[in-house]
Amino acid sequence: MGIPTYADLAAARTVLADLLPPTPAWHYPVLDTAVGAEVWVKHENAQPVGAFKVRGGLTLLASFDDKQRANGVVAASTGNHAQSVAYAAAHFGAPCTIVMPENANPAKAAAVRALGAHLVLEGERFDDCRVVAERIARETGAYYVDSGNEPALISGVGTATIELLERAPDLDALFVPVGAGTGVAGACLAAAELAPNCHVIGVQSAQAPSAHDSWRSGELLERPNRTVIEGVATAKPFAVPQQIMRDLLHDFLLVDDADIRAAQRLLLTSAHTMAEGAGAVALAGLWSIRVRYAGKRVGVICSGGNASEAELGEVLGS
Ligand SMILES: Cc1ncc(COP(=O)(O)O)c(C=O)c1O
């Protein structure tokens with residue numbers, strides 16, 4: 001498995017230039033005041049599928065030849081990797097099968113269907129769906145799009161950080177949510193090239209800490225996956241992003257699911273932003289160590305906004 005480099009991110013940027021305009025990034029007075037720092041929010045919730053992942057799917061499918069596209073793709077996901085692959089497959093005319101958990105977020109399942117993908121609801125958690133998707137790939141010859149160990153996904157999603165660092169140079173730190181680790185690995189590669197003094201800090205739910213524990217220990221460790229925050233709900237670590245993190249990540253924080261819900265509320269009330277849980281993980285991480293960055297300039301990747309109605313009710317009601 002190849003490890004992507006900054007050159008791959010730059011190439012992905014060129015590919016995506018015709019497909020996705022840059023997303024906005026702003027800092028907001030009320031949020032800055034609450035945190036005590038200048039907080040640049042990168043609005044990946046403003047992507048056409050509502051999440052940063054679409055950058056990766058398009059980058060991968062753009063690299064396929066006609067035969068590979070005709071063979072189709074299959075992916076397992078709690079929803080945003082699914083929408084990314086389904087969106088890219090629809091754009092490039094490739095057949096697409098998506099496996100999501102039986103109790104998938106209805107908004108994400110509807111979006112996958114609307115993108116024209118064949119949706120299979122099988123498995124309790126993401127890691128069960130992964131097994132089903134790998135089986136379908138073996139049976140049909142479709143390409144299995146691994147959600148973490150696929151270099152093109154890392155290169156693609158890394159372009160979000162390139163855009164942010166162009167808009168807000170001289171960041172002291174950048175907080176990135178971690179599930180499989182593609183987003184944070186891409187952020188590490190972009191920052192190492194463009195802003196070597198910027199601390200890239202990964203953030204994961206304490207209720208599903210496998211990537212965090214793997215990074216801290218230097219071994220690939222499975223951990224229980226008990227988080228309710230889709231997108232960062234993984235039990236197994238992924239080798240490729242872990243390798244990049246090992247070389248380039250400055251720090252890795254854990255936050256509780258309740259703190260993530262609080263960060264969602266803060267984005268709503270202080271940054272005009274509806275984030276899904278995973279989209280607020282970075283801000284929850286910053287919030288937990290805000291004293292350390294008082295008066296500094298920091299970035300948070302708001303990675304997605306695909307909250308279900310039930311989730312929104314929970315955020316507003318608590
Ligand atoms: C909204 C959102 N944020 C963060 C993540 C975590 O990204 P990664 O799996 O690249 O670590 C995901 C993953 O699906 C996501 O959907």
# chains A, B, ... in the order shown; residues from 1 in each chain; ligands from 1
call {"tool": "closest_atom_pairs", "arguments": {"of": "region 179-283 of chain A", "to": "region 21-30 of chain A", "cutoff": "10 Å", "atoms": "only C-alpha atoms", "output": "JSON lines"}}
result
{"residue": "A:Leu266", "atom": "CA", "partner": "A:Val30", "partner_atom": "CA", "distance": 9.6}
{"residue": "A:Leu267", "atom": "CA", "partner": "A:Tyr28", "partner_atom": "CA", "distance": 9.9}
{"residue": "A:Thr269", "atom": "CA", "partner": "A:Val30", "partner_atom": "CA", "distance": 8.6}
{"residue": "A:Ser270", "atom": "CA", "partner": "A:Val30", "partner_atom": "CA", "distance": 5.3}
{"residue": "A:Ala271", "atom": "CA", "partner": "A:Tyr28", "partner_atom": "CA", "distance": 6.0}
{"residue": "A:His272", "atom": "CA", "partner": "A:Tyr28", "partner_atom": "CA", "distance": 9.0}
call {"tool": "residues_around", "arguments": {"residues": "region 215-228 of chain A", "least_positions_apart": "6", "cutoff": "8 Å", "atoms": "only C-alpha atoms", "output": "JSON list (two decimals) with N, CA and C atoms, in the first residue's frame"}}
result
[["chain", "number", "residue", "atom", "x", "y", "z"],
["A", 205, "SER", "N", -13.62, 10.45, 19.48],
["A", 205, "SER", "CA", -14.51, 10.21, 20.63],
["A", 205, "SER", "C", -13.85, 9.25, 21.61],
["A", 206, "ALA", "N", -13.94, 9.58, 22.88],
["A", 206, "ALA", "CA", -13.42, 8.67, 23.92],
["A", 206, "ALA", "C", -14.21, 7.37, 23.95],
["A", 207, "GLN", "N", -15.39, 7.37, 23.32],
["A", 207, "GLN", "CA", -16.21, 6.16, 23.29],
["A", 207, "GLN", "C", -15.84, 5.24, 22.11],
["A", 208, "ALA", "N", -14.86, 5.62, 21.31],
["A", 208, "ALA", "CA", -14.35, 4.76, 20.23],
["A", 208, "ALA", "C", -12.90, 5.16, 19.95],
["A", 209, "PRO", "N", -11.98, 4.80, 20.86],
["A", 209, "PRO", "CA", -10.63, 5.41, 20.83],
["A", 209, "PRO", "C", -9.56, 4.61, 20.09],
["A", 234, "THR", "N", -15.42, 3.97, 14.71],
["A", 234, "THR", "CA", -14.64, 2.85, 14.18],
["A", 234, "THR", "C", -14.01, 2.07, 15.33],
["A", 235, "ALA", "N", -13.95, 0.76, 15.16],
["A", 235, "ALA", "CA", -13.34, -0.10, 16.19],
["A", 235, "ALA", "C", -11.91, -0.50, 15.85],
["A", 236, "LYS", "N", -11.59, -0.43, 14.53],
["A", 236, "LYS", "CA", -10.27, -0.89, 14.09],
["A", 236, "LYS", "C", -9.48, 0.27, 13.50],
["A", 237, "PRO", "N", -8.19, 0.32, 13.76],
["A", 237, "PRO", "CA", -7.36, 1.37, 13.17],
["A", 237, "PRO", "C", -6.98, 1.01, 11.73],
["A", 238, "PHE", "N", -6.49, 1.98, 10.99],
["A", 238, "PHE", "CA", -6.10, 1.77, 9.59],
["A", 238, "PHE", "C", -4.61, 2.10, 9.45],
["A", 239, "ALA", "N", -3.88, 1.17, 8.85],
["A", 239, "ALA", "CA", -2.41, 1.24, 8.86],
["A", 239, "ALA", "C", -1.85, 2.46, 8.13],
["A", 242, "GLN", "N", -2.37, 5.74, 9.97],
["A", 242, "GLN", "CA", -1.60, 5.66, 11.22],
["A", 242, "GLN", "C", -0.12, 5.94, 10.96],
["A", 245, "MET", "N", 0.30, 9.63, 10.52],
["A", 245, "MET", "CA", 0.12, 10.30, 11.83],
["A", 245, "MET", "C", 1.35, 10.12, 12.70],
["A", 246, "ARG", "N", 1.92, 8.91, 12.66],
["A", 246, "ARG", "CA", 3.07, 8.62, 13.51],
["A", 246, "ARG", "C", 4.21, 9.59, 13.22],
["A", 252, "PHE", "N", -2.96, 14.12, 19.99],
["A", 252, "PHE", "CA", -4.22, 13.41, 19.70],
["A", 252, "PHE", "C", -5.06, 13.46, 20.97],
["A", 257, "ASP", "N", -18.67, 11.97, 24.03],
["A", 257, "ASP", "CA", -19.78, 12.26, 23.12],
["A", 257, "ASP", "C", -20.58, 13.47, 23.58]]
call {"tool": "closest_residue", "arguments": {"among": "A:Ala190, A:Val157, A:Met100, A:Leu119", "to": "Leu20 (chain A)", "atoms": "only C-alpha atoms"}}
result
A:Val157
call {"tool": "residues_near_ligand", "arguments": {"ligand": "ligand 1", "cutoff": "7 Å", "atoms": "only C-alpha atoms and all ligand atoms", "output": "ChimeraX atom specification"}}
result
/A:51-53,78-81,147-148,177-184,230-232,276,278-279,303-305
call {"tool": "atom_distance", "arguments": {"atom1": "CA of Leu268 (chain A)", "atom2": "CA of Ala310 (chain A)"}}
result
16.0 Å
call {"tool": "select_by_dssp", "arguments": {"residues": "region 41-175 of chain A", "states": "alpha helix (DSSP H)", "output": "PDB file with N, CA and C atoms, in the first residue's frame"}}
result
ATOM      1  N   VAL A  54     -16.263  13.766   0.063  1.00  0.00           N
ATOM      2  CA  VAL A  54     -16.501  13.766  -1.384  1.00  0.00           C
ATOM      3  C   VAL A  54     -15.217  14.075  -2.161  1.00  0.00           C
ATOM      4  N   ARG A  55     -14.304  14.798  -1.529  1.00  0.00           N
ATOM      5  CA  ARG A  55     -13.026  15.096  -2.182  1.00  0.00           C
ATOM      6  C   ARG A  55     -12.261  13.807  -2.500  1.00  0.00           C
ATOM      7  N   GLY A  56     -12.355  12.835  -1.577  1.00  0.00           N
ATOM      8  CA  GLY A  56     -11.623  11.589  -1.750  1.00  0.00           C
ATOM      9  C   GLY A  56     -12.238  10.700  -2.813  1.00  0.00           C
ATOM     10  N   GLY A  57     -13.560  10.563  -2.773  1.00  0.00           N
ATOM     11  CA  GLY A  57     -14.239   9.710  -3.756  1.00  0.00           C
ATOM     12  C   GLY A  57     -13.986  10.190  -5.172  1.00  0.00           C
ATOM     13  N   LEU A  58     -14.093  11.494  -5.377  1.00  0.00           N
ATOM     14  CA  LEU A  58     -13.871  12.037  -6.723  1.00  0.00           C
ATOM     15  C   LEU A  58     -12.417  11.841  -7.163  1.00  0.00           C
ATOM     16  N   THR A  59     -11.487  12.026  -6.244  1.00  0.00           N
ATOM     17  CA  THR A  59     -10.067  11.854  -6.590  1.00  0.00           C
ATOM     18  C   THR A  59      -9.806  10.407  -7.005  1.00  0.00           C
ATOM     19  N   LEU A  60     -10.377   9.460  -6.272  1.00  0.00           N
ATOM     20  CA  LEU A  60     -10.159   8.042  -6.603  1.00  0.00           C
ATOM     21  C   LEU A  60     -10.776   7.681  -7.950  1.00  0.00           C
ATOM     22  N   LEU A  61     -12.052   8.001  -8.120  1.00  0.00           N
ATOM     23  CA  LEU A  61     -12.742   7.601  -9.359  1.00  0.00           C
ATOM     24  C   LEU A  61     -12.155   8.316 -10.582  1.00  0.00           C
ATOM     25  N   ALA A  62     -11.619   9.523 -10.388  1.00  0.00           N
ATOM     26  CA  ALA A  62     -10.987  10.235 -11.500  1.00  0.00           C
ATOM     27  C   ALA A  62      -9.763   9.478 -12.004  1.00  0.00           C
ATOM     28  N   ASP A  66     -11.586   3.251 -17.995  1.00  0.00           N
ATOM     29  CA  ASP A  66     -12.976   2.907 -18.352  1.00  0.00           C
ATOM     30  C   ASP A  66     -13.375   1.536 -17.815  1.00  0.00           C
ATOM     31  N   LYS A  67     -12.425   0.581 -17.881  1.00  0.00           N
ATOM     32  CA  LYS A  67     -12.757  -0.783 -17.445  1.00  0.00           C
ATOM     33  C   LYS A  67     -13.014  -0.795 -15.927  1.00  0.00           C
ATOM     34  N   GLN A  68     -12.136  -0.118 -15.205  1.00  0.00           N
ATOM     35  CA  GLN A  68     -12.323  -0.063 -13.741  1.00  0.00           C
ATOM     36  C   GLN A  68     -13.665   0.589 -13.396  1.00  0.00           C
ATOM     37  N   ARG A  69     -14.004   1.632 -14.118  1.00  0.00           N
ATOM     38  CA  ARG A  69     -15.293   2.299 -13.839  1.00  0.00           C
ATOM     39  C   ARG A  69     -16.446   1.356 -14.161  1.00  0.00           C
ATOM     40  N   ALA A  70     -16.325   0.603 -15.262  1.00  0.00           N
ATOM     41  CA  ALA A  70     -17.411  -0.317 -15.646  1.00  0.00           C
ATOM     42  C   ALA A  70     -17.580  -1.429 -14.605  1.00  0.00           C
ATOM     43  N   ASN A  71     -16.481  -1.863 -13.979  1.00  0.00           N
ATOM     44  CA  ASN A  71     -16.563  -2.910 -12.944  1.00  0.00           C
ATOM     45  C   ASN A  71     -17.310  -2.432 -11.703  1.00  0.00           C
ATOM     46  N   ASN A  80     -21.078   9.043   5.246  1.00  0.00           N
ATOM     47  CA  ASN A  80     -20.451  10.096   4.453  1.00  0.00           C
ATOM     48  C   ASN A  80     -19.440   9.559   3.449  1.00  0.00           C
ATOM     49  N   HIS A  81     -18.703   8.532   3.823  1.00  0.00           N
ATOM     50  CA  HIS A  81     -17.864   7.842   2.837  1.00  0.00           C
ATOM     51  C   HIS A  81     -18.787   7.274   1.755  1.00  0.00           C
ATOM     52  N   ALA A  82     -19.944   6.766   2.173  1.00  0.00           N
ATOM     53  CA  ALA A  82     -20.933   6.233   1.231  1.00  0.00           C
ATOM     54  C   ALA A  82     -21.359   7.298   0.231  1.00  0.00           C
ATOM     55  N   GLN A  83     -21.704   8.462   0.754  1.00  0.00           N
ATOM     56  CA  GLN A  83     -22.158   9.528  -0.153  1.00  0.00           C
ATOM     57  C   GLN A  83     -21.038   9.998  -1.070  1.00  0.00           C
ATOM     58  N   SER A  84     -19.817   9.999  -0.538  1.00  0.00           N
ATOM     59  CA  SER A  84     -18.672  10.381  -1.360  1.00  0.00           C
ATOM     60  C   SER A  84     -18.504   9.427  -2.540  1.00  0.00           C
ATOM     61  N   VAL A  85     -18.517   8.132  -2.240  1.00  0.00           N
ATOM     62  CA  VAL A  85     -18.305   7.134  -3.306  1.00  0.00           C
ATOM     63  C   VAL A  85     -19.499   7.142  -4.266  1.00  0.00           C
ATOM     64  N   ALA A  86     -20.710   7.250  -3.722  1.00  0.00           N
ATOM     65  CA  ALA A  86     -21.905   7.258  -4.583  1.00  0.00           C
ATOM     66  C   ALA A  86     -21.917   8.498  -5.487  1.00  0.00           C
ATOM     67  N   TYR A  87     -21.513   9.634  -4.931  1.00  0.00           N
ATOM     68  CA  TYR A  87     -21.481  10.873  -5.718  1.00  0.00           C
ATOM     69  C   TYR A  87     -20.465  10.746  -6.858  1.00  0.00           C
ATOM     70  N   ALA A  88     -19.287  10.230  -6.513  1.00  0.00           N
ATOM     71  CA  ALA A  88     -18.230  10.095  -7.527  1.00  0.00           C
ATOM     72  C   ALA A  88     -18.634   9.063  -8.583  1.00  0.00           C
ATOM     73  N   ALA A  89     -19.250   7.963  -8.139  1.00  0.00           N
ATOM     74  CA  ALA A  89     -19.678   6.930  -9.084  1.00  0.00           C
ATOM     75  C   ALA A  89     -20.719   7.503 -10.041  1.00  0.00           C
ATOM     76  N   ALA A  90     -21.655   8.267  -9.506  1.00  0.00           N
ATOM     77  CA  ALA A  90     -22.676   8.874 -10.367  1.00  0.00           C
ATOM     78  C   ALA A  90     -22.008   9.834 -11.358  1.00  0.00           C
ATOM     79  N   HIS A  91     -21.047  10.610 -10.877  1.00  0.00           N
ATOM     80  CA  HIS A  91     -20.384  11.583 -11.754  1.00  0.00           C
ATOM     81  C   HIS A  91     -19.640  10.888 -12.896  1.00  0.00           C
ATOM     82  N   PHE A  92     -18.962   9.773 -12.565  1.00  0.00           N
ATOM     83  CA  PHE A  92     -18.145   9.097 -13.581  1.00  0.00           C
ATOM     84  C   PHE A  92     -18.875   7.910 -14.234  1.00  0.00           C
ATOM     85  N   PRO A 106     -31.253   7.870   8.658  1.00  0.00           N
ATOM     86  CA  PRO A 106     -32.150   7.868   7.499  1.00  0.00           C
ATOM     87  C   PRO A 106     -31.809   8.960   6.484  1.00  0.00           C
ATOM     88  N   ALA A 107     -31.308  10.087   6.963  1.00  0.00           N
ATOM     89  CA  ALA A 107     -30.954  11.178   6.040  1.00  0.00           C
ATOM     90  C   ALA A 107     -29.823  10.732   5.117  1.00  0.00           C
ATOM     91  N   LYS A 108     -28.841  10.005   5.689  1.00  0.00           N
ATOM     92  CA  LYS A 108     -27.699   9.557   4.887  1.00  0.00           C
ATOM     93  C   LYS A 108     -28.117   8.430   3.945  1.00  0.00           C
ATOM     94  N   ALA A 109     -28.982   7.527   4.426  1.00  0.00           N
ATOM     95  CA  ALA A 109     -29.452   6.437   3.558  1.00  0.00           C
ATOM     96  C   ALA A 109     -30.237   7.009   2.380  1.00  0.00           C
ATOM     97  N   ALA A 110     -31.095   8.001   2.650  1.00  0.00           N
ATOM     98  CA  ALA A 110     -31.884   8.617   1.574  1.00  0.00           C
ATOM     99  C   ALA A 110     -30.963   9.294   0.567  1.00  0.00           C
ATOM    100  N   ALA A 111     -29.916   9.930   1.066  1.00  0.00           N
ATOM    101  CA  ALA A 111     -28.990  10.625   0.167  1.00  0.00           C
ATOM    102  C   ALA A 111     -28.265   9.633  -0.738  1.00  0.00           C
ATOM    103  N   VAL A 112     -27.868   8.497  -0.184  1.00  0.00           N
ATOM    104  CA  VAL A 112     -27.172   7.478  -0.988  1.00  0.00           C
ATOM    105  C   VAL A 112     -28.099   6.965  -2.083  1.00  0.00           C
ATOM    106  N   ARG A 113     -29.355   6.698  -1.721  1.00  0.00           N
ATOM    107  CA  ARG A 113     -30.328   6.226  -2.730  1.00  0.00           C
ATOM    108  C   ARG A 113     -30.545   7.303  -3.792  1.00  0.00           C
ATOM    109  N   ALA A 114     -30.657   8.543  -3.355  1.00  0.00           N
ATOM    110  CA  ALA A 114     -30.915   9.627  -4.307  1.00  0.00           C
ATOM    111  C   ALA A 114     -29.758   9.793  -5.289  1.00  0.00           C
ATOM    112  N   PHE A 126     -20.360  -0.163  11.799  1.00  0.00           N
ATOM    113  CA  PHE A 126     -19.532   0.029  10.609  1.00  0.00           C
ATOM    114  C   PHE A 126     -18.642  -1.182  10.315  1.00  0.00           C
ATOM    115  N   ASP A 127     -18.026  -1.725  11.361  1.00  0.00           N
ATOM    116  CA  ASP A 127     -17.054  -2.802  11.115  1.00  0.00           C
ATOM    117  C   ASP A 127     -17.733  -4.073  10.581  1.00  0.00           C
ATOM    118  N   ASP A 128     -19.024  -4.269  10.888  1.00  0.00           N
ATOM    119  CA  ASP A 128     -19.762  -5.399  10.300  1.00  0.00           C
ATOM    120  C   ASP A 128     -20.021  -5.122   8.811  1.00  0.00           C
ATOM    121  N   CYS A 129     -20.346  -3.888   8.493  1.00  0.00           N
ATOM    122  CA  CYS A 129     -20.610  -3.511   7.090  1.00  0.00           C
ATOM    123  C   CYS A 129     -19.372  -3.709   6.233  1.00  0.00           C
ATOM    124  N   ARG A 130     -18.234  -3.457   6.831  1.00  0.00           N
ATOM    125  CA  ARG A 130     -16.958  -3.607   6.127  1.00  0.00           C
ATOM    126  C   ARG A 130     -16.808  -5.056   5.630  1.00  0.00           C
ATOM    127  N   VAL A 131     -17.149  -6.022   6.470  1.00  0.00           N
ATOM    128  CA  VAL A 131     -17.041  -7.438   6.097  1.00  0.00           C
ATOM    129  C   VAL A 131     -18.001  -7.746   4.945  1.00  0.00           C
ATOM    130  N   VAL A 132     -19.219  -7.227   5.024  1.00  0.00           N
ATOM    131  CA  VAL A 132     -20.218  -7.468   3.973  1.00  0.00           C
ATOM    132  C   VAL A 132     -19.729  -6.864   2.645  1.00  0.00           C
ATOM    133  N   ALA A 133     -19.228  -5.651   2.699  1.00  0.00           N
ATOM    134  CA  ALA A 133     -18.780  -4.975   1.469  1.00  0.00           C
ATOM    135  C   ALA A 133     -17.607  -5.712   0.831  1.00  0.00           C
ATOM    136  N   GLU A 134     -16.697  -6.205   1.642  1.00  0.00           N
ATOM    137  CA  GLU A 134     -15.550  -6.950   1.087  1.00  0.00           C
ATOM    138  C   GLU A 134     -16.038  -8.224   0.405  1.00  0.00           C
ATOM    139  N   ARG A 135     -17.059  -8.860   0.990  1.00  0.00           N
ATOM    140  CA  ARG A 135     -17.626 -10.071   0.377  1.00  0.00           C
ATOM    141  C   ARG A 135     -18.269  -9.722  -0.982  1.00  0.00           C
ATOM    142  N   ILE A 136     -19.015  -8.645  -1.030  1.00  0.00           N
ATOM    143  CA  ILE A 136     -19.671  -8.241  -2.291  1.00  0.00           C
ATOM    144  C   ILE A 136     -18.605  -7.945  -3.358  1.00  0.00           C
ATOM    145  N   ALA A 137     -17.522  -7.310  -2.951  1.00  0.00           N
ATOM    146  CA  ALA A 137     -16.447  -7.005  -3.905  1.00  0.00           C
ATOM    147  C   ALA A 137     -15.862  -8.299  -4.478  1.00  0.00           C
ATOM    148  N   ARG A 138     -15.641  -9.285  -3.617  1.00  0.00           N
ATOM    149  CA  ARG A 138     -15.098 -10.578  -4.093  1.00  0.00           C
ATOM    150  C   ARG A 138     -16.069 -11.236  -5.062  1.00  0.00           C
ATOM    151  N   GLU A 139     -17.364 -11.176  -4.746  1.00  0.00           N
ATOM    152  CA  GLU A 139     -18.378 -11.862  -5.564  1.00  0.00           C
ATOM    153  C   GLU A 139     -18.613 -11.177  -6.907  1.00  0.00           C
ATOM    154  N   THR A 140     -18.500  -9.852  -6.941  1.00  0.00           N
ATOM    155  CA  THR A 140     -18.909  -9.120  -8.162  1.00  0.00           C
ATOM    156  C   THR A 140     -17.735  -8.566  -8.973  1.00  0.00           C
ATOM    157  N   PRO A 151      -4.905   5.366  -0.562  1.00  0.00           N
ATOM    158  CA  PRO A 151      -4.115   6.606  -0.661  1.00  0.00           C
ATOM    159  C   PRO A 151      -4.837   7.749  -1.376  1.00  0.00           C
ATOM    160  N   ALA A 152      -5.632   7.422  -2.408  1.00  0.00           N
ATOM    161  CA  ALA A 152      -6.309   8.499  -3.162  1.00  0.00           C
ATOM    162  C   ALA A 152      -7.303   9.251  -2.274  1.00  0.00           C
ATOM    163  N   LEU A 153      -7.896   8.550  -1.301  1.00  0.00           N
ATOM    164  CA  LEU A 153      -8.838   9.239  -0.406  1.00  0.00           C
ATOM    165  C   LEU A 153      -8.088  10.238   0.478  1.00  0.00           C
ATOM    166  N   ILE A 154      -6.919   9.827   0.942  1.00  0.00           N
ATOM    167  CA  ILE A 154      -6.122  10.722   1.801  1.00  0.00           C
ATOM    168  C   ILE A 154      -5.696  11.964   1.002  1.00  0.00           C
ATOM    169  N   SER A 155      -5.219  11.718  -0.235  1.00  0.00           N
ATOM    170  CA  SER A 155      -4.797  12.855  -1.069  1.00  0.00           C
ATOM    171  C   SER A 155      -5.968  13.789  -1.319  1.00  0.00           C
ATOM    172  N   GLY A 156      -7.120  13.209  -1.623  1.00  0.00           N
ATOM    173  CA  GLY A 156      -8.292  14.033  -1.938  1.00  0.00           C
ATOM    174  C   GLY A 156      -8.736  14.860  -0.753  1.00  0.00           C
ATOM    175  N   VAL A 157      -8.927  14.213   0.403  1.00  0.00           N
ATOM    176  CA  VAL A 157      -9.445  14.981   1.551  1.00  0.00           C
ATOM    177  C   VAL A 157      -8.404  15.962   2.085  1.00  0.00           C
ATOM    178  N   GLY A 158      -7.128  15.685   1.821  1.00  0.00           N
ATOM    179  CA  GLY A 158      -6.070  16.617   2.243  1.00  0.00           C
ATOM    180  C   GLY A 158      -6.187  17.979   1.578  1.00  0.00           C
ATOM    181  N   THR A 159      -6.901  18.035   0.451  1.00  0.00           N
ATOM    182  CA  THR A 159      -7.032  19.334  -0.235  1.00  0.00           C
ATOM    183  C   THR A 159      -7.855  20.330   0.593  1.00  0.00           C
ATOM    184  N   ALA A 160      -8.670  19.833   1.514  1.00  0.00           N
ATOM    185  CA  ALA A 160      -9.420  20.763   2.387  1.00  0.00           C
ATOM    186  C   ALA A 160      -8.442  21.589   3.214  1.00  0.00           C
ATOM    187  N   THR A 161      -7.395  20.928   3.702  1.00  0.00           N
ATOM    188  CA  THR A 161      -6.407  21.649   4.524  1.00  0.00           C
ATOM    189  C   THR A 161      -5.568  22.596   3.670  1.00  0.00           C
ATOM    190  N   ILE A 162      -5.270  22.194   2.431  1.00  0.00           N
ATOM    191  CA  ILE A 162      -4.553  23.126   1.548  1.00  0.00           C
ATOM    192  C   ILE A 162      -5.364  24.416   1.408  1.00  0.00           C
ATOM    193  N   GLU A 163      -6.657  24.257   1.127  1.00  0.00           N
ATOM    194  CA  GLU A 163      -7.508  25.455   0.970  1.00  0.00           C
ATOM    195  C   GLU A 163      -7.533  26.289   2.243  1.00  0.00           C
ATOM    196  N   LEU A 164      -7.653  25.635   3.374  1.00  0.00           N
ATOM    197  CA  LEU A 164      -7.733  26.380   4.637  1.00  0.00           C
ATOM    198  C   LEU A 164      -6.440  27.148   4.895  1.00  0.00           C
ATOM    199  N   LEU A 165      -5.305  26.502   4.627  1.00  0.00           N
ATOM    200  CA  LEU A 165      -4.025  27.162   4.907  1.00  0.00           C
ATOM    201  C   LEU A 165      -3.752  28.300   3.925  1.00  0.00           C
ATOM    202  N   GLU A 166      -4.370  28.241   2.761  1.00  0.00           N
ATOM    203  CA  GLU A 166      -4.253  29.379   1.844  1.00  0.00           C
ATOM    204  C   GLU A 166      -5.099  30.555   2.340  1.00  0.00           C
ATOM    205  N   ARG A 167      -6.257  30.231   2.883  1.00  0.00           N
ATOM    206  CA  ARG A 167      -7.182  31.287   3.358  1.00  0.00           C
ATOM    207  C   ARG A 167      -6.710  31.844   4.706  1.00  0.00           C
TER     208      ARG A 167
END
call {"tool": "select_by_dssp", "arguments": {"residues": "region 31-261 of chain A", "states": "strand (DSSP E or B)", "output": "JSON, numbers by chain"}}
result
{"A": [38, 39, 40, 41, 42, 43, 51, 73, 74, 75, 76, 96, 97, 98, 99, 100, 118, 119, 120, 121, 143, 144, 173, 174, 175, 176, 177, 199, 200, 201, 202, 203, 204, 205, 251, 252, 253, 254, 255]}
call {"tool": "atom_distance", "arguments": {"atom1": "CA of Val200 (chain A)", "atom2": "CA of Asp172 (chain A)"}}
result
8.8 Å
